[in-house]
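Asks: Sharing coords_10.cif here; it has mmCIF, C-alpha atoms (C1' of nucleotides).
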data_input
#
loop_
_atom_site.label_atom_id
_atom_site.label_comp_id
_atom_site.auth_asym_id
_atom_site.auth_seq_id
_atom_site.Cartn_x
_atom_site.Cartn_y
_atom_site.Cartn_z
CA MET J 1 93.68 23.20 119.61
CA PRO J 2 95.03 20.28 117.61
CA THR J 3 98.33 20.99 115.85
CA LYS J 4 97.07 19.30 112.73
CA THR J 5 94.39 21.91 112.16
CA TYR J 6 96.45 25.06 112.03
CA LEU J 7 99.16 23.27 110.12
CA SER J 8 96.74 22.42 107.35
CA LEU J 9 95.49 26.01 107.37
CA LEU J 10 99.07 27.19 106.89
CA ARG J 11 99.57 24.79 104.03
CA GLN J 12 96.42 26.14 102.41
CA LEU J 13 97.63 29.70 102.86
CA ALA J 14 100.98 28.90 101.24
CA SER J 15 99.35 26.98 98.36
CA CYS J 16 96.81 29.70 97.80
CA TYR J 17 99.43 32.43 97.68
CA GLN J 18 101.62 30.37 95.37
CA ALA J 19 98.67 29.79 93.05
CA PHE J 20 98.04 33.53 92.97
CA GLU J 21 101.73 34.34 92.48
CA SER J 22 102.18 31.89 89.67
CA TYR J 23 99.03 33.13 87.95
CA SER J 24 100.05 36.75 88.41
CA ALA J 25 103.81 36.50 87.81
CA GLY J 26 103.40 34.95 84.37
CA HIS J 27 101.56 38.02 83.18
CA ILE J 28 104.03 40.41 84.86
CA ARG J 29 107.03 38.73 83.27
CA SER J 30 105.39 38.94 79.88
CA LEU J 31 105.60 42.71 80.38
CA GLY J 32 109.39 42.47 80.88
CA LEU J 33 109.19 43.24 84.60
CA THR J 34 110.01 41.21 87.70
CA PRO J 35 107.40 41.04 90.47
CA ALA J 36 109.49 43.44 92.60
CA GLN J 37 109.72 45.93 89.75
CA PHE J 38 105.99 45.69 89.08
CA ASP J 39 105.35 46.23 92.77
CA LEU J 40 107.37 49.47 92.62
CA ILE J 41 105.63 50.73 89.49
CA VAL J 42 102.21 50.08 91.02
CA THR J 43 103.22 51.70 94.31
CA LEU J 44 104.43 54.80 92.48
CA GLY J 45 101.44 54.93 90.12
CA ASN J 46 99.13 57.92 90.62
CA THR J 47 101.49 59.53 93.14
CA ALA J 48 103.91 62.43 92.85
CA GLY J 49 106.68 60.07 93.91
CA MET J 50 108.09 59.12 97.28
CA ASN J 51 111.44 58.73 98.96
CA PHE J 52 113.29 55.47 99.53
CA LYS J 53 112.12 55.16 103.09
CA GLU J 54 108.43 55.35 102.20
CA LEU J 55 108.93 53.10 99.22
CA GLY J 56 110.67 50.52 101.39
CA GLU J 57 107.85 50.57 103.93
CA LYS J 58 105.16 50.06 101.32
CA THR J 59 106.87 47.34 99.33
CA LEU J 60 108.69 45.57 102.17
CA ILE J 61 111.91 45.77 100.16
CA THR J 62 114.93 46.64 102.30
CA LYS J 63 116.89 49.77 101.46
CA GLY J 64 119.99 48.00 100.16
CA THR J 65 117.90 46.01 97.70
CA LEU J 66 115.79 49.01 96.82
CA THR J 67 118.78 50.87 95.42
CA GLY J 68 119.32 48.02 92.98
CA VAL J 69 115.67 47.67 91.97
CA VAL J 70 115.40 51.42 91.38
CA ASP J 71 118.66 51.36 89.39
CA ARG J 72 117.19 48.77 87.04
CA LEU J 73 114.00 50.75 86.59
CA VAL J 74 116.04 53.90 85.92
CA ALA J 75 118.00 51.95 83.31
CA LYS J 76 114.69 51.02 81.66
CA GLY J 77 113.67 54.69 81.71
CA LEU J 78 110.62 54.00 83.87
CA VAL J 79 111.49 55.99 87.01
CA ARG J 80 113.77 58.90 87.92
CA ARG J 81 115.51 60.10 91.06
CA LEU J 82 115.03 63.70 92.17
CA ALA J 83 116.72 65.46 95.07
CA SER J 84 114.31 66.15 97.89
CA ALA J 85 113.40 69.82 98.28
CA THR J 86 113.31 69.57 102.05
CA ASP J 87 116.00 67.07 103.06
CA GLY J 88 119.43 67.07 101.47
CA ARG J 89 119.98 63.42 102.34
CA SER J 90 116.79 62.30 100.70
CA GLN J 91 115.77 61.48 97.15
CA VAL J 92 112.35 61.20 95.60
CA VAL J 93 111.64 58.37 93.19
CA GLN J 94 108.90 59.05 90.67
CA LEU J 95 107.59 57.54 87.47
CA THR J 96 108.83 59.09 84.24
CA GLU J 97 106.34 59.80 81.46
CA LYS J 98 107.23 56.40 80.05
CA GLY J 99 106.74 54.80 83.45
CA ALA J 100 103.40 56.52 83.98
CA ALA J 101 102.28 55.40 80.52
CA LEU J 102 103.33 51.84 81.33
CA PHE J 103 101.42 51.99 84.61
CA ALA J 104 98.32 53.34 82.88
CA ARG J 105 98.50 50.53 80.37
CA VAL J 106 99.49 47.52 82.42
CA PHE J 107 97.74 48.01 85.72
CA PRO J 108 94.21 47.80 84.27
CA ALA J 109 95.40 44.98 82.01
CA HIS J 110 96.71 43.13 85.02
CA LEU J 111 93.39 43.54 86.80
CA GLU J 112 91.62 42.19 83.73
CA HIS J 113 93.97 39.24 83.75
CA LEU J 114 93.08 38.52 87.38
CA LYS J 115 89.38 39.15 87.12
CA PRO J 116 88.23 35.85 85.57
CA ALA J 117 89.50 33.99 88.63
CA PHE J 118 86.74 35.62 90.65
CA ALA J 119 83.92 34.78 88.29
CA ARG J 120 82.16 32.64 90.86
CA PHE J 121 82.68 34.96 93.82
CA GLY J 122 79.77 37.17 94.79
CA SER J 123 80.43 40.37 96.70
CA SER J 124 79.57 38.78 100.03
CA ASP J 125 82.03 35.95 99.27
CA LEU J 126 84.73 38.49 98.59
CA GLU J 127 84.03 40.40 101.77
CA GLN J 128 83.97 37.28 103.85
CA ALA J 129 87.26 36.05 102.37
CA GLU J 130 88.86 39.42 102.94
CA ALA J 131 87.72 39.49 106.56
CA THR J 132 89.18 36.03 107.12
CA LEU J 133 92.54 37.02 105.68
CA LEU J 134 92.60 40.23 107.69
CA ARG J 135 92.02 38.34 110.89
CA LEU J 136 94.74 35.84 110.05
CA ARG J 137 97.21 38.56 109.17
CA GLN J 138 96.56 40.38 112.40
CA ALA J 139 97.14 37.15 114.30
CA PHE J 140 100.64 36.87 112.81
CA GLU J 141 101.41 40.50 113.41
CA GLU J 142 100.34 40.28 117.03
CA ALA J 143 102.32 37.11 117.63
CA ARG J 144 105.32 38.77 116.09
CA GLY J 145 104.82 41.85 118.22
CA ARG J 146 104.81 39.65 121.30
CA GLY J 147 108.24 38.46 120.16
CA ASN J 148 107.38 34.82 119.54
CA MET F 1 81.61 42.63 90.37
CA PRO F 2 83.42 45.86 91.25
CA THR F 3 87.15 45.78 90.50
CA LYS F 4 87.90 47.43 93.81
CA THR F 5 86.62 44.47 95.77
CA TYR F 6 88.76 41.69 94.41
CA LEU F 7 91.75 43.98 94.32
CA SER F 8 91.51 44.59 98.02
CA LEU F 9 91.09 40.86 98.60
CA LEU F 10 94.30 40.24 96.67
CA ARG F 11 96.10 42.88 98.70
CA GLN F 12 94.92 41.17 101.86
CA LEU F 13 96.12 37.80 100.56
CA ALA F 14 99.56 39.19 99.78
CA SER F 15 99.83 41.00 103.13
CA CYS F 16 98.65 37.95 105.01
CA TYR F 17 101.15 35.68 103.33
CA GLN F 18 103.94 38.17 103.87
CA ALA F 19 103.06 38.43 107.56
CA PHE F 20 103.21 34.64 107.80
CA GLU F 21 106.45 34.44 105.84
CA SER F 22 108.18 37.07 107.87
CA TYR F 23 107.03 35.47 111.13
CA SER F 24 108.08 32.03 109.94
CA ALA F 25 111.28 32.91 108.08
CA GLY F 26 112.88 34.55 111.12
CA HIS F 27 112.68 31.30 113.00
CA ILE F 28 113.91 29.25 110.04
CA ARG F 29 116.94 31.46 109.49
CA SER F 30 117.83 31.18 113.16
CA LEU F 31 118.27 27.46 112.41
CA GLY F 32 120.80 28.26 109.69
CA LEU F 33 118.46 27.30 106.84
CA THR F 34 116.81 29.27 104.08
CA PRO F 35 113.05 28.87 103.55
CA ALA F 36 113.68 26.74 100.45
CA GLN F 37 116.05 24.46 102.36
CA PHE F 38 113.59 24.12 105.22
CA ASP F 39 110.87 23.29 102.72
CA LEU F 40 112.99 20.46 101.36
CA ILE F 41 113.85 19.08 104.80
CA VAL F 42 110.18 19.09 105.81
CA THR F 43 109.14 17.49 102.53
CA LEU F 44 111.69 14.72 102.97
CA GLY F 45 110.93 14.23 106.68
CA ASN F 46 109.32 10.88 107.53
CA THR F 47 109.79 9.56 104.01
CA ALA F 48 112.26 7.10 102.50
CA GLY F 49 113.34 9.83 100.10
CA MET F 50 112.14 10.83 96.67
CA ASN F 51 113.57 11.68 93.28
CA PHE F 52 114.08 15.18 91.88
CA LYS F 53 110.90 15.10 89.91
CA GLU F 54 108.68 14.36 92.90
CA LEU F 55 110.60 16.81 95.03
CA GLY F 56 110.14 19.53 92.44
CA GLU F 57 106.42 18.87 92.24
CA LYS F 58 105.92 19.06 95.99
CA THR F 59 108.06 22.13 96.63
CA LEU F 60 107.37 24.01 93.40
CA ILE F 61 111.11 24.47 92.92
CA THR F 62 112.17 24.00 89.31
CA LYS F 63 114.68 21.28 88.50
CA GLY F 64 117.55 23.61 87.67
CA THR F 65 117.23 25.35 91.02
CA LEU F 66 116.66 22.08 92.83
CA THR F 67 120.11 20.80 91.90
CA GLY F 68 121.62 23.83 93.64
CA VAL F 69 119.43 23.62 96.75
CA VAL F 70 120.19 19.90 97.12
CA ASP F 71 123.91 20.60 96.60
CA ARG F 72 123.88 23.05 99.52
CA LEU F 73 122.06 20.59 101.76
CA VAL F 74 124.51 17.84 100.79
CA ALA F 75 127.35 20.22 101.71
CA LYS F 76 125.73 20.67 105.13
CA GLY F 77 125.51 16.88 105.49
CA LEU F 78 121.71 16.97 105.79
CA VAL F 79 120.70 15.00 102.68
CA ARG F 80 122.31 12.47 100.35
CA ARG F 81 121.83 11.40 96.75
CA LEU F 82 121.33 7.72 95.94
CA ALA F 83 121.04 6.11 92.52
CA SER F 84 117.52 4.92 91.84
CA ALA F 85 117.13 1.14 91.87
CA THR F 86 114.59 1.20 89.07
CA ASP F 87 115.59 4.05 86.77
CA GLY F 88 119.18 4.64 85.79
CA ARG F 89 118.53 8.31 85.01
CA SER F 90 117.00 8.98 88.37
CA GLN F 91 118.38 9.77 91.78
CA VAL F 92 116.74 9.57 95.16
CA VAL F 93 117.29 12.36 97.65
CA GLN F 94 116.90 11.37 101.28
CA LEU F 95 117.70 12.81 104.69
CA THR F 96 120.93 11.64 106.31
CA GLU F 97 120.88 10.67 109.98
CA LYS F 98 121.92 14.23 110.73
CA GLY F 99 119.15 15.58 108.52
CA ALA F 100 116.55 13.30 110.10
CA ALA F 101 117.69 14.40 113.56
CA LEU F 102 117.41 18.04 112.50
CA PHE F 103 113.92 17.42 111.13
CA ALA F 104 112.86 15.68 114.35
CA ARG F 105 114.12 18.61 116.36
CA VAL F 106 113.11 21.63 114.31
CA PHE F 107 109.78 20.69 112.83
CA PRO F 108 107.96 20.44 116.18
CA ALA F 109 109.84 23.54 117.35
CA HIS F 110 108.64 25.41 114.29
CA LEU F 111 105.06 24.38 114.96
CA GLU F 112 105.40 25.60 118.53
CA HIS F 113 106.72 28.87 117.20
CA LEU F 114 103.67 29.24 114.96
CA LYS F 115 101.10 28.05 117.46
CA PRO F 116 100.69 31.23 119.54
CA ALA F 117 99.46 33.10 116.48
CA PHE F 118 96.33 30.94 116.55
CA ALA F 119 95.53 31.48 120.20
CA ARG F 120 92.24 33.18 119.42
CA PHE F 121 91.14 30.80 116.67
CA GLY F 122 88.68 28.12 117.61
CA SER F 123 88.45 24.95 115.54
CA SER F 124 85.47 26.21 113.57
CA ASP F 125 87.40 29.41 112.79
CA LEU F 126 90.28 27.36 111.49
CA GLU F 127 88.04 25.19 109.36
CA GLN F 128 86.22 28.16 107.94
CA ALA F 129 89.47 29.96 107.10
CA GLU F 130 90.86 26.84 105.47
CA ALA F 131 87.73 26.41 103.36
CA THR F 132 87.97 30.02 102.21
CA LEU F 133 91.59 29.63 101.16
CA LEU F 134 90.86 26.37 99.39
CA ARG F 135 88.12 27.98 97.37
CA LEU F 136 90.34 30.91 96.45
CA ARG F 137 93.20 28.66 95.44
CA GLN F 138 90.95 26.59 93.23
CA ALA F 139 89.71 29.76 91.57
CA PHE F 140 93.29 30.65 90.56
CA GLU F 141 94.05 27.16 89.39
CA GLU F 142 90.93 27.02 87.28
CA ALA F 143 91.59 30.43 85.74
CA ARG F 144 95.11 29.34 84.98
CA GLY F 145 93.88 26.09 83.47
CA ARG F 146 91.60 28.09 81.19
CA GLY F 147 94.72 29.86 80.00
CA ASN F 148 93.89 33.34 81.20
"C1'" DT Y 1 111.99 10.40 70.83
"C1'" DA Y 2 111.05 11.60 75.51
"C1'" DT Y 3 112.58 12.05 80.20
"C1'" DT Y 4 115.93 12.70 84.30
"C1'" DG Y 5 119.05 15.32 86.20
"C1'" DT Y 6 123.29 18.40 85.44
"C1'" DT Y 7 125.52 22.36 83.80
"C1'" DA Y 8 125.89 27.04 82.23
"C1'" DT Y 9 124.45 31.81 81.78
"C1'" DA Y 10 122.77 35.85 83.24
"C1'" DC Y 11 119.91 38.24 86.25
"C1'" DT Y 12 117.49 39.38 90.48
"C1'" DC Y 13 116.72 39.47 95.25
"C1'" DT Y 14 118.38 38.95 100.21
"C1'" DA Y 15 120.89 40.02 104.40
"C1'" DT Y 16 124.38 42.53 106.47
"C1'" DA Y 17 127.37 46.00 107.37
"C1'" DA Y 18 130.49 49.77 106.42
"C1'" DC Y 19 130.36 54.24 104.54
"C1'" DT Y 20 128.99 59.35 102.97
"C1'" DA Y 21 126.59 63.23 103.46
"C1'" DT Y 22 123.29 65.64 105.80
"C1'" DA Y 23 120.17 66.57 109.94
"C1'" DT L 1 124.35 61.12 117.28
"C1'" DA L 2 120.92 59.69 114.17
"C1'" DT L 3 119.08 59.18 109.55
"C1'" DA L 4 118.91 58.66 104.18
"C1'" DG L 5 120.71 56.44 100.74
"C1'" DT L 6 124.90 54.04 98.48
"C1'" DT L 7 128.22 50.58 98.07
"C1'" DA L 8 130.27 46.14 98.84
"C1'" DT L 9 130.10 41.31 99.75
"C1'" DA L 10 128.53 36.85 99.75
"C1'" DG L 11 124.94 33.86 99.11
"C1'" DA L 12 120.71 32.14 97.25
"C1'" DG L 13 116.73 31.67 94.08
"C1'" DT L 14 114.86 32.31 89.07
"C1'" DA L 15 114.33 31.42 84.14
"C1'" DT L 16 116.04 29.34 80.23
"C1'" DA L 17 118.27 26.35 77.43
"C1'" DA L 18 121.73 23.03 76.00
"C1'" DC L 19 123.43 18.63 77.23
"C1'" DA L 20 124.53 13.44 78.57
"C1'" DA L 21 122.72 9.28 79.95
"C1'" DT L 22 118.95 6.38 80.02
"C1'" DA L 23 114.09 4.84 78.91
#
Do you think you could lay out the structure here as structure tokens?

Replies:
Amino acid sequence: MPTKTYLSLLRQLASCYQAFESYSAGHIRSLGLTPAQFDLIVTLGNTAGMNFKELGEKTLITKGTLTGVVDRLVAKGLVRRLASATDGRSQVVQLTEKGAALFARVFPAHLEHLKPAFARFGSSDLEQAEATLLRLRQAFEEARGRGN
Amino acid sequence: MPTKTYLSLLRQLASCYQAFESYSAGHIRSLGLTPAQFDLIVTLGNTAGMNFKELGEKTLITKGTLTGVVDRLVAKGLVRRLASATDGRSQVVQLTEKGAALFARVFPAHLEHLKPAFARFGSSDLEQAEATLLRLRQAFEEARGRGN
DNA sequence: TATTGTTATACTCTATAACTATA
DNA sequence: TATAGTTATAGAGTATAACAATA
């Protein structure tokens, strides 16, 4: 396999993600949230809440950072901390009423913001693209698992 | 088009990029560089240098941030600033001998690190994946250009 | 007047590790 | 001993805007 080929694929992946991020982040910031904060709100949306460990696994934010991100969302009144009923060391983070209302308002709005980008994609295009990305992701995860 | 479909494609894109980033960033940090610094070194590699404006366009780092990133690379002795010959306001950033030597050593090593992930991709797989990402990227750029 | 790069401000995220309270 | 979350530290990227020098 020629080096040049996978290198240009990687460049495309990075450019594509950056294009998505820059398109998406502009809208998120206009809501007064950072991408990490939005990620947390969306992860907590339509759930009864979850502890820091689960939240860290889903968002890929490490626990030290997570404390700070949650602090800022608490300060905005969007989430609250509750003691876990089953584990005295553990806390549950959940959306407040205000946070749930924000989620209910901004998540659909964010999807509407993203939707026009897919105007020319039919459902088979979408499925094919998703399959390609899945395969690529698994390739990285396997290589990582092999300790490369 | 069902909302669910493009949403899951976007999740795949984010997961895929994160898998790449985490696989790639580990290696970059082991070289004592941050991803942004590595990006700059690679961008400047095999060139005679470029000014801040060009550098910002290629790396998508805004000019305010760029001053700081370049400062840190200057402190490491990897790049230098030169006054532009043609524009008194402008400066050219170029790799020092030490920076060029680092580039010559780490860029191929980084490609070797990435290569095993593509073990099961044939050249038609790579081309197809690249075409998919290109199409997706253009969709975001067009939507952004339309001011969505 | 517009552009290039610097500086300043204030915030946010990252990595790491020591620490506490509980399991 | 191990785990959940907090705190502390130091560094790095982000957005924004004001600014000096030059075009």

Asks: Enumerate, as number ranges by chain, the residues matched when the PyMOL selection byres ((chain J) within 9 of (chain F)) is run on the file above.

Replies: J: 1-3, 5-10, 12-20, 22-23, 60, 111-123, 125-144, 148

Asks: What does the structure give for the distance between atom CA of J:Val106 and atom CA of J:Ser90, in Å to one decimal?

Replies: 29.2 Å

Asks: So which residues get picked by the PyMOL selection byres ((chain F) within 10 of (chain L)) here, written as a ChimeraX atom specification?

Replies: /F:34,36,61-62,64-66,68-69,72,87-90

Asks: Expressed in Å to a single decimal, how great is the separation between atom CA of F:Lys76 and atom CA of F:Arg105?

Replies: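 Computed distance, atom CA of F:Lys76 to atom CA of F:Arg105, equals 16.3 Å.
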
Asks: Could you please select, counting only C-alpha atoms (C1' of nucleotides), the residues of chain Y within 12 Å of chain F and state them as a PDB file with C-alpha atoms (C1' of nucleotides), keeping the file's coordinate frame?

Replies:
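Result written to iface-v6.pdb:
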ATOM      1  C1'  DT Y   3     112.580  12.050  80.200  1.00  0.00           C
ATOM      2  C1'  DT Y   4     115.930  12.700  84.300  1.00  0.00           C
ATOM      3  C1'  DG Y   5     119.050  15.320  86.200  1.00  0.00           C
ATOM      4  C1'  DT Y   6     123.290  18.400  85.440  1.00  0.00           C
ATOM      5  C1'  DT Y   7     125.520  22.360  83.800  1.00  0.00           C
ATOM      6  C1'  DA Y   8     125.890  27.040  82.230  1.00  0.00           C
ATOM      7  C1'  DT Y  14     118.380  38.950 100.210  1.00  0.00           C
ATOM      8  C1'  DA Y  15     120.890  40.020 104.400  1.00  0.00           C
TER       9       DA Y  15
END

Asks: Rounded to one decimal place, report the atom CA of F:Ala104-atom CA of F:Thr43 distance in Å.

Replies: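 The value is 12.5 Å.
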
Asks: Some atoms are missing, so please complete stretch 41-66 of chain J with N, CA, C and O atoms and return it as a tab-separated table (two decimals), in the frame of the given file.

Replies:
chain	number	residue	atom	x	y	z
J	41	ILE	N	106.38	49.94	90.47
J	41	ILE	CA	105.63	50.73	89.49
J	41	ILE	C	104.21	50.99	90.00
J	41	ILE	O	103.70	52.11	89.95
J	42	VAL	N	103.58	49.93	90.53
J	42	VAL	CA	102.21	50.08	91.02
J	42	VAL	C	102.17	50.98	92.25
J	42	VAL	O	101.27	51.81	92.41
J	43	THR	N	103.17	50.86	93.11
J	43	THR	CA	103.22	51.70	94.31
J	43	THR	C	103.40	53.17	93.94
J	43	THR	O	102.83	54.06	94.56
J	44	LEU	N	104.17	53.42	92.89
J	44	LEU	CA	104.43	54.80	92.48
J	44	LEU	C	103.32	55.37	91.58
J	44	LEU	O	103.23	56.59	91.41
J	45	GLY	N	102.50	54.48	91.02
J	45	GLY	CA	101.44	54.93	90.12
J	45	GLY	C	100.46	55.88	90.80
J	45	GLY	O	100.12	55.67	91.96
J	46	ASN	N	100.07	56.93	90.08
J	46	ASN	CA	99.13	57.92	90.62
J	46	ASN	C	99.61	58.62	91.88
J	46	ASN	O	98.81	59.01	92.74
J	47	THR	N	100.94	58.74	92.03
J	47	THR	CA	101.49	59.53	93.14
J	47	THR	C	102.48	60.51	92.53
J	47	THR	O	102.89	60.36	91.37
J	48	ALA	N	102.91	61.48	93.33
J	48	ALA	CA	103.91	62.43	92.85
J	48	ALA	C	105.31	61.90	93.11
J	48	ALA	O	106.30	62.60	92.90
J	49	GLY	N	105.39	60.66	93.56
J	49	GLY	CA	106.68	60.07	93.91
J	49	GLY	C	106.84	59.99	95.41
J	49	GLY	O	106.07	60.58	96.15
J	50	MET	N	107.83	59.22	95.84
J	50	MET	CA	108.09	59.12	97.28
J	50	MET	C	109.55	58.78	97.49
J	50	MET	O	110.24	58.37	96.56
J	51	ASN	N	110.03	59.00	98.72
J	51	ASN	CA	111.44	58.73	98.96
J	51	ASN	C	111.68	57.24	99.24
J	51	ASN	O	110.73	56.46	99.34
J	52	PHE	N	112.93	56.87	99.35
J	52	PHE	CA	113.29	55.47	99.53
J	52	PHE	C	112.70	54.87	100.80
J	52	PHE	O	112.31	53.71	100.83
J	53	LYS	N	112.64	55.68	101.82
J	53	LYS	CA	112.12	55.16	103.09
J	53	LYS	C	110.65	54.74	102.95
J	53	LYS	O	110.28	53.63	103.30
J	54	GLU	N	109.85	55.66	102.40
J	54	GLU	CA	108.43	55.35	102.20
J	54	GLU	C	108.25	54.14	101.28
J	54	GLU	O	107.45	53.25	101.53
J	55	LEU	N	109.03	54.17	100.20
J	55	LEU	CA	108.93	53.10	99.22
J	55	LEU	C	109.27	51.74	99.85
J	55	LEU	O	108.60	50.73	99.59
J	56	GLY	N	110.28	51.74	100.70
J	56	GLY	CA	110.67	50.52	101.39
J	56	GLY	C	109.58	50.03	102.33
J	56	GLY	O	109.30	48.84	102.42
J	57	GLU	N	108.90	50.97	103.00
J	57	GLU	CA	107.85	50.57	103.93
J	57	GLU	C	106.66	49.98	103.18
J	57	GLU	O	106.06	49.01	103.63
J	58	LYS	N	106.34	50.55	102.04
J	58	LYS	CA	105.16	50.06	101.32
J	58	LYS	C	105.40	48.75	100.59
J	58	LYS	O	104.47	47.97	100.41
J	59	THR	N	106.62	48.54	100.13
J	59	THR	CA	106.87	47.34	99.33
J	59	THR	C	107.54	46.23	100.12
J	59	THR	O	107.69	45.13	99.61
J	60	LEU	N	107.98	46.55	101.34
J	60	LEU	CA	108.69	45.57	102.17
J	60	LEU	C	110.02	45.15	101.53
J	60	LEU	O	110.49	44.03	101.74
J	61	ILE	N	110.60	46.03	100.72
J	61	ILE	CA	111.91	45.77	100.16
J	61	ILE	C	112.92	46.58	100.99
J	61	ILE	O	112.72	47.77	101.21
J	62	THR	N	113.98	45.93	101.43
J	62	THR	CA	114.93	46.64	102.30
J	62	THR	C	115.77	47.62	101.49
J	62	THR	O	115.96	47.47	100.28
J	63	LYS	N	116.28	48.64	102.17
J	63	LYS	CA	116.89	49.77	101.46
J	63	LYS	C	118.06	49.39	100.56
J	63	LYS	O	118.20	49.96	99.48
J	64	GLY	N	118.87	48.43	101.00
J	64	GLY	CA	119.99	48.00	100.16
J	64	GLY	C	119.50	47.43	98.83
J	64	GLY	O	120.02	47.75	97.76
J	65	THR	N	118.48	46.59	98.91
J	65	THR	CA	117.90	46.01	97.70
J	65	THR	C	117.21	47.06	96.84
J	65	THR	O	117.28	47.02	95.60
J	66	LEU	N	116.57	47.99	97.52
J	66	LEU	CA	115.79	49.01	96.82
J	66	LEU	C	116.65	49.83	95.86
J	66	LEU	O	116.23	50.14	94.74
